[in-house]
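K.L.:
Pasting run-v6.cif below, which is mmCIF, C-alpha atoms.
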data_final
loop_
_atom_site.label_atom_id
_atom_site.label_comp_id
_atom_site.auth_asym_id
_atom_site.auth_seq_id
_atom_site.Cartn_x
_atom_site.Cartn_y
_atom_site.Cartn_z
CA MET A 1 15.35 -176.32 0.29
CA SER A 2 18.25 -176.39 -2.14
CA GLN A 3 15.85 -176.33 -5.08
CA ASN A 4 14.10 -173.34 -3.50
CA LYS A 5 17.41 -171.54 -3.22
CA VAL A 6 18.23 -172.31 -6.83
CA ASP A 7 14.84 -170.95 -7.85
CA GLN A 8 15.36 -167.81 -5.78
CA TYR A 9 18.73 -167.09 -7.27
CA ARG A 10 17.48 -167.79 -10.76
CA ARG A 11 14.56 -165.44 -10.26
CA GLN A 12 16.82 -162.81 -8.79
CA PHE A 13 19.25 -163.15 -11.72
CA LEU A 14 16.41 -162.80 -14.19
CA SER A 15 14.98 -159.75 -12.44
CA GLN A 16 18.41 -158.13 -12.36
CA ALA A 17 18.94 -158.90 -16.02
CA THR A 18 15.55 -157.32 -16.78
CA ALA A 19 16.41 -154.27 -14.68
CA VAL A 20 19.72 -153.78 -16.49
CA ALA A 21 18.00 -154.17 -19.84
CA GLY A 22 15.43 -151.64 -18.64
CA VAL A 23 18.10 -149.03 -17.91
CA SER A 24 19.69 -149.38 -21.32
CA LEU A 25 16.38 -149.42 -23.19
CA ALA A 26 14.62 -146.57 -21.49
CA SER A 27 16.95 -144.67 -19.22
CA GLY A 28 15.10 -142.47 -16.79
CA VAL A 29 12.33 -144.98 -16.28
CA PHE A 30 14.21 -147.62 -14.32
CA LEU A 31 16.83 -145.29 -12.89
CA ASN A 32 16.50 -146.45 -9.32
CA ALA A 33 16.81 -150.15 -10.06
CA VAL A 34 18.85 -151.50 -7.16
CA GLN A 35 20.24 -154.90 -6.38
CA ALA A 36 17.84 -157.31 -4.74
CA LYS A 37 18.67 -159.12 -1.52
CA PRO A 38 18.28 -162.91 -1.69
CA ALA A 39 15.84 -164.18 0.95
CA ASP A 40 18.54 -166.09 2.84
CA GLN A 41 20.81 -163.08 3.27
CA ALA A 42 20.61 -160.62 6.15
CA ALA A 43 20.08 -156.90 5.61
CA SER A 44 23.48 -155.31 5.18
CA ASP A 45 25.01 -152.01 6.25
CA LYS A 46 26.20 -151.57 2.68
CA ASN A 47 22.74 -150.11 2.07
CA ARG A 48 20.90 -147.35 3.82
CA TRP A 49 17.33 -147.00 2.74
CA GLY A 50 15.87 -143.55 2.71
CA MET A 51 13.26 -141.32 1.20
CA LEU A 52 13.22 -137.89 -0.35
CA ILE A 53 10.08 -135.76 -0.41
CA ASP A 54 9.57 -132.63 -2.50
CA ALA A 55 7.22 -130.35 -0.58
CA ASN A 56 6.42 -128.32 -3.70
CA LYS A 57 5.16 -131.37 -5.57
CA CYS A 58 3.11 -132.75 -2.69
CA GLY A 59 -0.60 -132.21 -3.41
CA THR A 60 -2.20 -130.06 -0.71
CA GLY A 61 -5.54 -131.84 -0.75
CA CYS A 62 -4.10 -135.28 -1.48
CA ASN A 63 -4.14 -138.08 1.08
CA LYS A 64 -3.23 -140.99 -1.19
CA CYS A 65 0.07 -141.88 0.53
CA VAL A 66 -1.74 -142.24 3.85
CA SER A 67 -4.53 -144.44 2.54
CA ALA A 68 -2.11 -146.54 0.47
CA CYS A 69 0.16 -147.08 3.49
CA HIS A 70 -2.64 -148.12 5.79
CA LYS A 71 -4.13 -150.39 3.15
CA GLU A 72 -0.78 -152.01 2.37
CA ASN A 73 0.07 -152.65 5.99
CA GLY A 74 -3.41 -153.55 7.20
CA VAL A 75 -3.69 -150.66 9.65
CA PRO A 76 -7.40 -150.40 10.44
CA THR A 77 -9.53 -147.34 11.07
CA SER A 78 -11.89 -147.91 13.95
CA GLY A 79 -13.39 -144.44 13.77
CA LYS A 80 -11.57 -143.28 16.91
CA PRO A 81 -8.96 -140.87 15.57
CA ALA A 82 -7.55 -140.21 19.04
CA THR A 83 -6.32 -143.76 19.40
CA ASP A 84 -6.13 -145.12 15.85
CA SER A 85 -2.66 -145.99 14.60
CA GLN A 86 -1.06 -143.51 12.28
CA TRP A 87 1.93 -144.76 10.31
CA ILE A 88 1.99 -141.70 8.09
CA ARG A 89 0.04 -138.44 8.18
CA LYS A 90 -0.21 -135.27 6.18
CA VAL A 91 1.11 -132.15 7.90
CA LYS A 92 0.02 -128.69 6.77
CA LEU A 93 2.53 -125.86 6.94
CA THR A 94 1.16 -122.34 6.66
CA ASP A 95 3.39 -119.29 6.37
CA LYS A 96 1.54 -116.73 8.48
CA GLN A 97 3.31 -113.84 6.79
CA THR A 98 2.44 -114.73 3.21
CA GLY A 99 -0.38 -117.23 3.63
CA HIS A 100 1.55 -119.77 1.55
CA VAL A 101 0.36 -123.31 2.30
CA GLN A 102 2.37 -126.51 1.88
CA THR A 103 1.65 -130.06 2.96
CA ILE A 104 4.13 -132.85 3.56
CA PRO A 105 3.78 -136.50 4.52
CA MET A 106 5.23 -137.19 7.94
CA MET A 107 6.28 -140.62 9.14
CA CYS A 108 9.13 -142.39 10.92
CA GLN A 109 12.25 -140.58 9.75
CA HIS A 110 14.43 -143.70 10.09
CA CYS A 111 17.17 -141.88 11.99
CA ALA A 112 20.75 -143.09 12.00
CA ASN A 113 20.80 -142.24 15.73
CA PRO A 114 17.24 -143.05 16.72
CA PRO A 115 16.14 -141.82 20.19
CA CYS A 116 13.42 -144.50 20.25
CA VAL A 117 16.12 -147.18 20.20
CA ASP A 118 18.10 -145.43 22.94
CA VAL A 119 15.24 -145.43 25.40
CA CYS A 120 13.75 -148.89 24.81
CA PRO A 121 14.12 -150.99 27.98
CA THR A 122 13.72 -154.34 26.20
CA ASN A 123 15.68 -153.72 23.00
CA ALA A 124 12.45 -154.13 21.04
CA SER A 125 12.89 -150.78 19.33
CA MET A 126 15.75 -151.41 16.95
CA LYS A 127 17.54 -150.30 13.84
CA ARG A 128 18.28 -152.84 11.16
CA ALA A 129 21.71 -152.95 9.54
CA ASP A 130 20.30 -151.23 6.47
CA GLY A 131 18.96 -148.31 8.50
CA VAL A 132 15.30 -149.27 8.79
CA VAL A 133 14.01 -148.51 12.29
CA LEU A 134 11.53 -151.13 13.49
CA VAL A 135 9.73 -152.48 16.55
CA ASP A 136 10.37 -156.14 17.30
CA LYS A 137 6.94 -156.89 18.67
CA HIS A 138 8.14 -160.14 20.22
CA ALA A 139 10.05 -158.05 22.75
CA CYS A 140 7.80 -154.97 22.99
CA ILE A 141 6.09 -154.63 26.37
CA GLY A 142 4.04 -151.62 25.34
CA CYS A 143 5.67 -149.14 27.74
CA ARG A 144 5.56 -146.39 25.10
CA TYR A 145 8.86 -144.75 26.09
CA CYS A 146 9.79 -144.74 22.40
CA MET A 147 6.63 -142.79 21.59
CA MET A 148 7.67 -140.15 24.10
CA ALA A 149 11.24 -140.06 22.84
CA CYS A 150 10.39 -139.66 19.16
CA PRO A 151 10.56 -135.98 18.16
CA TYR A 152 8.41 -136.68 15.09
CA ASN A 153 5.46 -138.26 16.91
CA ALA A 154 5.85 -141.11 14.45
CA ARG A 155 4.86 -144.07 16.58
CA SER A 156 1.46 -145.35 17.61
CA PHE A 157 0.26 -147.69 20.31
CA ILE A 158 -2.14 -150.44 19.31
CA HIS A 159 -5.09 -150.06 21.64
CA GLU A 160 -7.53 -152.43 20.03
CA LYS A 161 -7.29 -156.18 19.55
CA ALA A 162 -5.94 -156.89 16.07
CA THR A 163 -7.75 -159.54 14.06
CA GLU A 164 -7.25 -158.92 10.34
CA GLN A 165 -3.50 -158.40 10.21
CA LYS A 166 -1.66 -158.28 6.90
CA TYR A 167 1.68 -157.97 8.63
CA PRO A 168 2.26 -158.73 12.30
CA ARG A 169 0.67 -156.19 14.64
CA GLY A 170 -0.96 -156.81 17.98
CA GLN A 171 -2.69 -155.14 20.87
CA GLY A 172 -0.40 -153.68 23.51
CA THR A 173 2.60 -153.08 21.25
CA VAL A 174 3.95 -150.00 19.49
CA GLU A 175 4.12 -149.72 15.72
CA SER A 176 5.25 -147.26 13.09
CA CYS A 177 6.31 -146.90 9.47
CA THR A 178 8.52 -149.84 8.47
CA LEU A 179 9.54 -148.25 5.16
CA CYS A 180 7.53 -151.21 3.79
CA VAL A 181 10.34 -153.51 4.85
CA HIS A 182 8.58 -156.51 3.29
CA ARG A 183 8.92 -154.78 -0.07
CA ILE A 184 12.57 -153.96 0.56
CA ASP A 185 13.26 -157.62 1.38
CA ASP A 186 11.33 -158.90 -1.61
CA PRO A 187 13.72 -161.13 -3.59
CA ASN A 188 12.39 -159.41 -6.72
CA GLY A 189 12.84 -155.97 -5.15
CA PRO A 190 13.75 -153.78 -3.47
CA ASN A 191 10.47 -152.18 -4.36
CA ASN A 192 9.18 -148.72 -3.54
CA PRO A 193 7.14 -148.38 -0.35
CA ALA A 194 3.39 -148.21 -0.90
CA CYS A 195 3.27 -144.44 -0.24
CA VAL A 196 5.84 -143.72 -2.96
CA ASP A 197 4.00 -145.91 -5.46
CA ALA A 198 0.70 -144.20 -4.59
CA CYS A 199 2.26 -140.75 -5.03
CA ASN A 200 3.63 -141.73 -8.45
CA THR A 201 0.30 -143.25 -9.50
CA GLU A 202 -1.48 -140.07 -8.44
CA GLY A 203 0.89 -138.14 -10.71
CA HIS A 204 2.43 -135.92 -8.01
CA LYS A 205 5.75 -137.79 -8.06
CA ALA A 206 6.80 -136.01 -4.90
CA MET A 207 8.52 -138.99 -3.24
CA TRP A 208 11.65 -140.96 -4.04
CA PHE A 209 12.83 -144.10 -2.33
CA GLY A 210 16.30 -145.52 -2.61
CA ASP A 211 19.71 -146.34 -1.23
CA LEU A 212 21.44 -143.34 0.32
CA LYS A 213 24.77 -145.18 0.29
CA ASP A 214 24.64 -145.84 -3.43
CA PRO A 215 25.96 -142.70 -5.20
CA GLU A 216 24.34 -143.87 -8.44
CA SER A 217 20.81 -144.12 -7.02
CA GLU A 218 18.24 -141.56 -8.11
CA ILE A 219 17.75 -140.37 -4.53
CA SER A 220 21.49 -139.85 -3.92
CA LYS A 221 21.91 -137.96 -7.18
CA ARG A 222 18.99 -135.69 -6.37
CA LEU A 223 20.24 -135.08 -2.85
CA LYS A 224 23.69 -134.26 -4.17
CA LYS A 225 22.34 -131.89 -6.80
CA TYR A 226 19.52 -130.14 -4.96
CA GLY A 227 20.22 -130.89 -1.30
CA GLY A 228 17.66 -132.09 1.21
CA GLU A 229 16.61 -130.87 4.63
CA GLN A 230 16.20 -132.91 7.76
CA ILE A 231 13.32 -131.91 9.98
CA ARG A 232 14.71 -130.92 13.39
CA SER A 233 18.25 -131.25 12.02
CA ASP A 234 19.36 -129.51 15.25
CA LEU A 235 18.88 -132.82 17.06
CA GLY A 236 21.65 -134.45 15.02
CA LEU A 237 19.67 -137.62 14.34
CA ASN A 238 20.75 -137.97 10.70
CA THR A 239 17.35 -138.87 9.34
CA GLY A 240 16.84 -141.23 6.43
CA VAL A 241 13.83 -139.23 5.25
CA ARG A 242 14.77 -135.88 3.72
CA TYR A 243 12.65 -133.01 2.46
CA GLN A 244 13.13 -130.49 -0.33
CA ASN A 245 11.62 -127.03 -0.90
CA LEU A 246 10.29 -126.57 2.63
CA THR A 247 9.50 -122.91 3.08
CA MET B 1 -24.88 -188.16 51.27
CA LEU B 2 -21.32 -189.39 51.59
CA LEU B 3 -22.29 -192.76 50.22
CA LYS B 4 -23.95 -191.08 47.24
CA ASN B 5 -20.76 -189.20 46.45
CA LYS B 6 -18.73 -192.37 46.68
CA ILE B 7 -21.06 -194.20 44.35
CA PHE B 8 -20.92 -191.30 41.89
CA ALA B 9 -17.11 -191.32 42.00
CA LEU B 10 -17.09 -195.06 41.41
CA VAL B 11 -19.43 -194.75 38.43
CA VAL B 12 -17.29 -191.95 36.95
CA ALA B 13 -14.11 -193.96 37.49
CA LEU B 14 -15.62 -196.97 35.74
CA VAL B 15 -17.34 -195.17 32.89
CA LEU B 16 -14.78 -192.50 32.00
CA PRO B 17 -12.04 -194.77 30.60
CA VAL B 18 -14.68 -196.51 28.48
CA VAL B 19 -15.85 -193.16 27.12
CA VAL B 20 -12.26 -192.11 26.33
CA GLN B 21 -11.60 -195.40 24.58
CA ALA B 22 -14.82 -195.35 22.63
CA ASP B 23 -14.54 -191.77 21.34
CA SER B 24 -10.87 -190.74 21.28
CA LEU B 25 -10.20 -187.32 22.74
CA LEU B 26 -6.77 -187.22 21.16
CA PRO B 27 -6.40 -184.27 18.81
CA GLU B 28 -6.72 -184.87 15.11
CA PRO B 29 -5.07 -181.94 13.38
CA PRO B 30 -6.22 -181.34 9.80
CA LYS B 31 -3.92 -182.62 7.07
CA ALA B 32 -1.51 -180.24 5.37
CA LYS B 33 -2.30 -179.30 1.80
CA LYS B 34 1.11 -180.02 0.38
CA LYS B 35 4.24 -182.08 1.09
CA TYR B 36 7.49 -180.23 1.65
CA SER B 37 9.38 -183.30 0.48
CA GLU B 38 8.53 -186.95 -0.08
CA GLU B 39 10.90 -188.16 2.68
CA THR B 40 10.11 -185.78 5.51
CA LEU B 41 6.60 -184.67 4.46
CA CYS B 42 6.81 -181.49 6.59
CA VAL B 43 9.82 -179.12 6.59
CA GLU B 44 11.49 -181.53 9.04
CA PRO B 45 10.38 -185.09 9.84
CA VAL B 46 6.85 -185.04 11.22
CA GLU B 47 7.83 -186.45 14.65
CA GLU B 48 10.49 -183.77 14.98
CA MET B 49 8.02 -181.03 14.06
CA GLN B 50 5.45 -182.34 16.52
CA LYS B 51 7.99 -182.09 19.33
CA ASN B 52 10.10 -179.10 18.39
CA HIS B 53 8.14 -176.86 16.01
CA MET B 54 8.31 -174.04 18.54
CA SER B 55 12.11 -173.93 18.45
CA TYR B 56 12.20 -173.66 14.67
CA ILE B 57 9.67 -170.85 14.72
CA LEU B 58 11.44 -169.09 17.58
CA ASP B 59 14.80 -169.11 15.79
CA GLN B 60 13.23 -167.95 12.56
CA ARG B 61 11.38 -165.04 14.16
CA ASP B 62 14.59 -163.31 15.25
CA GLU B 63 16.27 -163.98 11.92
CA THR B 64 13.35 -162.41 10.09
CA SER B 65 12.31 -159.53 12.29
CA ARG B 66 15.80 -158.40 13.24
CA LYS B 67 17.97 -159.34 10.27
CA GLY B 68 15.48 -159.47 7.43
CA ILE B 69 16.23 -163.09 6.49
CA ARG B 70 13.07 -164.30 4.85
CA THR B 71 13.65 -167.93 3.95
CA LYS B 72 10.41 -169.84 3.73
CA GLN B 73 11.28 -173.20 5.29
CA TYR B 74 10.53 -172.27 8.90
CA SER B 75 8.36 -169.25 8.21
CA LEU B 76 5.18 -169.10 10.30
CA LYS B 77 3.39 -167.59 7.33
CA GLU B 78 4.20 -170.69 5.27
CA CYS B 79 3.04 -172.97 8.11
CA ILE B 80 -0.32 -171.21 8.12
CA ASP B 81 -0.62 -171.17 4.33
CA CYS B 82 -0.11 -174.93 4.12
CA HIS B 83 -1.69 -176.20 7.34
CA ASN B 84 -4.63 -173.84 7.68
CA ALA B 85 -5.65 -173.47 4.05
CA PRO B 86 -9.33 -172.77 3.39
CA ALA B 87 -11.67 -175.75 3.30
CA GLU B 88 -13.50 -176.69 0.10
CA ASP B 89 -16.34 -174.33 1.02
CA GLY B 90 -13.86 -171.46 1.42
CA LYS B 91 -14.16 -171.32 5.21
CA VAL B 92 -10.96 -170.68 7.13
CA ALA B 93 -10.69 -171.73 10.77
CA ARG B 94 -9.66 -168.96 13.16
CA ALA B 95 -7.17 -169.40 15.98
CA GLU B 96 -9.81 -169.36 18.71
CA GLU B 97 -11.73 -172.18 17.04
CA SER B 98 -10.80 -175.76 17.87
CA GLU B 99 -10.70 -176.64 14.14
CA HIS B 100 -7.66 -174.41 13.62
CA PHE B 101 -4.56 -176.51 12.93
CA CYS B 102 -2.64 -175.09 15.90
CA SER B 103 -5.61 -175.09 18.26
CA THR B 104 -6.44 -178.77 17.77
CA CYS B 105 -3.37 -179.76 19.80
CA HIS B 106 -2.90 -176.63 21.87
CA VAL B 107 -6.40 -176.82 23.31
CA TYR B 108 -5.84 -180.50 24.12
CA ALA B 109 -2.49 -179.84 25.79
CA ALA B 110 -3.77 -176.66 27.48
CA VAL B 111 -0.79 -174.70 26.18
CA GLN B 112 -1.73 -171.15 25.35
CA ILE B 113 0.02 -169.56 22.38
CA ASP B 114 0.14 -165.85 21.69
CA CYS B 115 1.46 -166.01 18.11
CA PHE B 116 -1.90 -164.99 16.73
CA SER B 117 -2.32 -161.89 18.84
CA CYS B 118 0.03 -160.32 16.28
CA HIS B 119 0.33 -162.80 13.41
CA SER B 120 -2.46 -163.63 11.05
CA ASP B 121 -4.10 -166.97 11.84
CA LYS B 122 -5.29 -167.52 8.27
CA PRO B 123 -3.57 -167.50 4.88
CA GLN B 124 -3.16 -164.00 3.50
CA ASN B 125 -4.28 -165.22 0.16
CA THR B 126 -7.62 -166.96 0.27
CA GLN B 127 -7.03 -168.10 -3.32
CA TYR B 128 -4.11 -170.13 -1.99
CA ARG B 129 -4.39 -173.80 -3.04
CA HIS B 130 -7.65 -173.05 -4.79
CA THR B 131 -9.36 -176.27 -5.77
CA LEU B 132 -8.55 -176.87 -9.41
CA SER B 133 -11.23 -178.46 -11.52
CA ALA B 134 -10.08 -179.81 -14.86
CA ILE B 135 -12.76 -177.89 -16.74
CA ASP B 136 -12.09 -174.25 -16.04
CA ILE B 137 -8.42 -173.99 -15.15
CA SER B 138 -8.01 -170.98 -17.42
CA ASN B 139 -10.74 -169.21 -15.52
CA HIS B 140 -9.02 -169.89 -12.21
CA LEU B 141 -5.77 -168.68 -13.68
CA ASN B 142 -7.37 -165.33 -14.44
CA ILE B 143 -8.74 -164.93 -10.94
CA ALA B 144 -5.71 -166.18 -9.19
CA THR B 145 -2.78 -164.45 -10.86
CA HIS B 146 -3.94 -161.01 -9.68
CA SER B 147 -3.13 -161.69 -6.07
CA MET B 148 -1.02 -164.81 -6.16
CA THR B 149 2.57 -165.22 -5.19
CA ILE B 150 4.91 -165.95 -8.05
CA GLU B 151 5.42 -169.53 -6.98
CA SER B 152 1.75 -170.42 -6.91
CA ALA B 153 1.10 -168.54 -10.17
CA GLU B 154 3.89 -170.51 -11.80
CA MET B 155 2.42 -173.69 -10.42
CA LEU B 156 -0.95 -172.82 -11.92
CA GLU B 157 0.57 -172.08 -15.29
CA LEU B 158 2.34 -175.41 -15.19
CA LEU B 159 -0.91 -177.18 -14.33
CA ALA B 160 -2.74 -175.37 -17.09
CA SER B 161 -0.15 -176.30 -19.68
CA ASN B 162 -0.19 -179.92 -18.50
CA HIS B 163 -3.95 -179.85 -18.78
CA LYS B 164 -3.81 -178.56 -22.36
CA GLU B 165 -1.26 -181.20 -23.30
CA GLY B 166 -3.53 -183.82 -21.80
CA GLN B 167 -6.44 -182.64 -23.95
CA GLN B 168 -4.53 -182.77 -27.21
#
If you took the structure in this file and wrote it as structure tokens, what would it be?

P.N.:
Amino acid sequence: MSQNKVDQYRRQFLSQATAVAGVSLASGVFLNAVQAKPADQAASDKNRWGMLIDANKCGTGCNKCVSACHKENGVPTSGKPATDSQWIRKVKLTDKQTGHVQTIPMMCQHCANPPCVDVCPTNASMKRADGVVLVDKHACIGCRYCMMACPYNARSFIHEKATEQKYPRGQGTVESCTLCVHRIDDPNGPNNPACVDACNTEGHKAMWFGDLKDPESEISKRLKKYGGEQIRSDLGLNTGVRYQNLT
Amino acid sequence: MLLKNKIFALVVALVLPVVVQADSLLPEPPKAKKKYSEETLCVEPVEEMQKNHMSYILDQRDETSRKGIRTKQYSLKECIDCHNAPAEDGKVARAEESEHFCSTCHVYAAVQIDCFSCHSDKPQNTQYRHTLSAIDISNHLNIATHSMTIESAEMLELLASNHKEGQQ
């Protein structure tokens, strides 16, 4: 155990050293390098993980974030779209006046005041200290109140028996975007969620992930400079996922 | 008719213990692939794990799912990786099969577990603990490093370098 810890810290130190070197060597490439959390430490409220999405950069015919998310998290497609889980989906916005079309990815908005957590009778729906909203499936009884409470229609019920899980998911429980929490907790991370990586690989670069509480993070700087909208900001939920250039 | 039943019961009572003794019905869980430490073998002494593994897993599940603490010592994923690693022919036992590490005892004790309705009952990485032949370690290294965890990749590199040293 102690040797494992030593190894973890050493690895973490090395990755941090590399990240720092990266910033000084090629600034702009590693701008959102953030401090990793050692595996034995709990998520802390010193961070708040969030995402920023530029609607103008999002490709209208592109679905890469969706497929990357479902591949990463082992969310299967059974060919029944009415009941298949949907962690993230593309939403098309059409301005009827001008005919202008935009698409945006829509997923759990990781609210600071999440209605899904308010309504959960078993405390299964929960918000981690670092702002990630999750379902603790050990406590979930599958009542689906959270699905009704969510204004973003972000959660799905698992109807079918799960057999090829990559991360825990089981029949009769509710699931949704975890902000790729396993990547956030990676001792070599925090790494971008799969959707953000897929968007960058595709060349759209419409999504940023980072720490909203760190004023030096790329996402905070962008939000400060250009602003970012919350969808249904009238509900006062203080979402962790923000959008830019929505028309 | 009654007499027949009685005779049958008598025969069963006499024969059954012999059968049990001759071919033990006690579970024989498959051996783990790796020792956690030389003293305790498993993450805690084996007797302790046999009795109280459920408590360790239960404590860890809340730490991980609610707080994000991802230490590996009591992680269910690590249990599965080590105890239910693929056999030599690459076949991995599934939870509903009696060959599965957990099922060997749980079927015997008639204690139903629901871990695997959500958790994976097989190692995520089928390359995990890949049998290493001395001849083509470098080949395995190429296959394995794509999807391997850092630890196991490091282990492979170490083995490969040891192998090279041995050849020289």

K.L.:
Would you kindly translate the PyMOL selection byres ((chain A and resi 134) around 10) into the concrete residues it picks from this file, as a PyMOL selection string?

P.N.:
(chain A and resi 108+110+116-117+124-128+131-133+135-137+174-179+181) or (chain B and resi 65-66)

K.L.:
Name the residues that the PyMOL selection byres ((chain A) within 10 of (chain B)) picks from the file above, as number ranges by chain, using the file's chain letters and numbers.

P.N.:
A: 1, 4-5, 7-8, 11, 37-44, 124, 126-130, 134-138, 161-173, 181-182, 184-187

K.L.:
Just want the 12 Å neighbourhood of Pro215 in chain A, counted on only C-alpha atoms, with same-chain residues fewer than 2 positions away dropped. Output as a compact mmCIF listing (two decimals) with C-alpha atoms, keeping the file's coordinate frame.

P.N.:
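The resulting result-v2.txt:
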# COMPACT_ATOMS: atom_id res chain seq x y z
CA ASN A 32 16.50 -146.45 -9.32
CA VAL A 34 18.85 -151.50 -7.16
CA LYS A 46 26.20 -151.57 2.68
CA ASN A 47 22.74 -150.11 2.07
CA ARG A 48 20.90 -147.35 3.82
CA GLY A 210 16.30 -145.52 -2.61
CA ASP A 211 19.71 -146.34 -1.23
CA LEU A 212 21.44 -143.34 0.32
CA LYS A 213 24.77 -145.18 0.29
CA SER A 217 20.81 -144.12 -7.02
CA GLU A 218 18.24 -141.56 -8.11
CA ILE A 219 17.75 -140.37 -4.53
CA SER A 220 21.49 -139.85 -3.92
CA LYS A 221 21.91 -137.96 -7.18
CA ARG A 222 18.99 -135.69 -6.37
CA LEU A 223 20.24 -135.08 -2.85
CA LYS A 224 23.69 -134.26 -4.17
CA LYS A 225 22.34 -131.89 -6.80

K.L.:
For Val111 in chain B, work out the shell of residues within 12 Å, counting only C-alpha atoms and skipping chain neighbours fewer than 6 positions away, then give it as a ChimeraX atom specification.

P.N.:
/B:54,102-105

K.L.:
How would the residues just picked look written out with C-alpha atoms as an mmCIF file, in the coordinates of the input?

P.N.:
data_model
loop_
_atom_site.group_PDB
_atom_site.id
_atom_site.type_symbol
_atom_site.label_atom_id
_atom_site.label_comp_id
_atom_site.auth_asym_id
_atom_site.auth_seq_id
_atom_site.Cartn_x
_atom_site.Cartn_y
_atom_site.Cartn_z
ATOM 1 C CA MET B 54 8.310 -174.040 18.540
ATOM 2 C CA CYS B 102 -2.640 -175.090 15.900
ATOM 3 C CA SER B 103 -5.610 -175.090 18.260
ATOM 4 C CA THR B 104 -6.440 -178.770 17.770
ATOM 5 C CA CYS B 105 -3.370 -179.760 19.800
#

K.L.:
Using the file's own x, y and z axes, what box holds all listed atoms of range 41-49 of chain A with 5 Å on each side, keeping edges along x, y and z, and what are its centre and edge lengths in Å to one decimal, as AutoDock Vina command-line options?

P.N.:
--center_x 21.8 --center_y -155.0 --center_z 4.2 --size_x 18.9 --size_y 26.1 --size_z 14.2

K.L.:
Using the chain letters and residue numbers of this document, give as a PDB file with C-alpha atoms, keeping the file's coordinate frame the residues selected by the PyMOL selection byres ((chain A and resi 54-68) around 10).

P.N.:
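And here's out-v7.pdb as it stands now:
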ATOM      1  CA  LEU A  52      13.220-137.890  -0.350  1.00  0.00           C
ATOM      2  CA  ILE A  53      10.080-135.760  -0.410  1.00  0.00           C
ATOM      3  CA  CYS A  69       0.160-147.080   3.490  1.00  0.00           C
ATOM      4  CA  HIS A  70      -2.640-148.120   5.790  1.00  0.00           C
ATOM      5  CA  LYS A  71      -4.130-150.390   3.150  1.00  0.00           C
ATOM      6  CA  GLU A  72      -0.780-152.010   2.370  1.00  0.00           C
ATOM      7  CA  ASN A  73       0.070-152.650   5.990  1.00  0.00           C
ATOM      8  CA  GLY A  74      -3.410-153.550   7.200  1.00  0.00           C
ATOM      9  CA  VAL A  75      -3.690-150.660   9.650  1.00  0.00           C
ATOM     10  CA  GLN A  86      -1.060-143.510  12.280  1.00  0.00           C
ATOM     11  CA  TRP A  87       1.930-144.760  10.310  1.00  0.00           C
ATOM     12  CA  ILE A  88       1.990-141.700   8.090  1.00  0.00           C
ATOM     13  CA  ARG A  89       0.040-138.440   8.180  1.00  0.00           C
ATOM     14  CA  LYS A  90      -0.210-135.270   6.180  1.00  0.00           C
ATOM     15  CA  VAL A  91       1.110-132.150   7.900  1.00  0.00           C
ATOM     16  CA  LYS A  92       0.020-128.690   6.770  1.00  0.00           C
ATOM     17  CA  LEU A  93       2.530-125.860   6.940  1.00  0.00           C
ATOM     18  CA  VAL A 101       0.360-123.310   2.300  1.00  0.00           C
ATOM     19  CA  GLN A 102       2.370-126.510   1.880  1.00  0.00           C
ATOM     20  CA  THR A 103       1.650-130.060   2.960  1.00  0.00           C
ATOM     21  CA  ILE A 104       4.130-132.850   3.560  1.00  0.00           C
ATOM     22  CA  PRO A 105       3.780-136.500   4.520  1.00  0.00           C
ATOM     23  CA  MET A 106       5.230-137.190   7.940  1.00  0.00           C
ATOM     24  CA  MET A 107       6.280-140.620   9.140  1.00  0.00           C
ATOM     25  CA  PRO A 193       7.140-148.380  -0.350  1.00  0.00           C
ATOM     26  CA  ALA A 194       3.390-148.210  -0.900  1.00  0.00           C
ATOM     27  CA  CYS A 195       3.270-144.440  -0.240  1.00  0.00           C
ATOM     28  CA  VAL A 196       5.840-143.720  -2.960  1.00  0.00           C
ATOM     29  CA  ASP A 197       4.000-145.910  -5.460  1.00  0.00           C
ATOM     30  CA  ALA A 198       0.700-144.200  -4.590  1.00  0.00           C
ATOM     31  CA  CYS A 199       2.260-140.750  -5.030  1.00  0.00           C
ATOM     32  CA  ASN A 200       3.630-141.730  -8.450  1.00  0.00           C
ATOM     33  CA  THR A 201       0.300-143.250  -9.500  1.00  0.00           C
ATOM     34  CA  GLU A 202      -1.480-140.070  -8.440  1.00  0.00           C
ATOM     35  CA  GLY A 203       0.890-138.140 -10.710  1.00  0.00           C
ATOM     36  CA  HIS A 204       2.430-135.920  -8.010  1.00  0.00           C
ATOM     37  CA  LYS A 205       5.750-137.790  -8.060  1.00  0.00           C
ATOM     38  CA  ALA A 206       6.800-136.010  -4.900  1.00  0.00           C
ATOM     39  CA  MET A 207       8.520-138.990  -3.240  1.00  0.00           C
ATOM     40  CA  TRP A 208      11.650-140.960  -4.040  1.00  0.00           C
ATOM     41  CA  GLY A 228      17.660-132.090   1.210  1.00  0.00           C
ATOM     42  CA  ARG A 242      14.770-135.880   3.720  1.00  0.00           C
ATOM     43  CA  TYR A 243      12.650-133.010   2.460  1.00  0.00           C
ATOM     44  CA  GLN A 244      13.130-130.490  -0.330  1.00  0.00           C
ATOM     45  CA  ASN A 245      11.620-127.030  -0.900  1.00  0.00           C
ATOM     46  CA  LEU A 246      10.290-126.570   2.630  1.00  0.00           C
ATOM     47  CA  THR A 247       9.500-122.910   3.080  1.00  0.00           C
TER      48      THR A 247
END

K.L.:
What does the distance between CA of Leu76 in chain B and CA of Ile57 in chain B come to in Å, to one decimal place?

P.N.:
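That distance, rounded to one decimal, is 6.5 Å.
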
K.L.:
If you measure from CA of Pro86 in chain B to CA of Val46 in chain B, what distance in Å do you get, rounded to one decimal?

P.N.:
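Between CA of Pro86 in chain B and CA of Val46 in chain B the gap is 21.8 Å.
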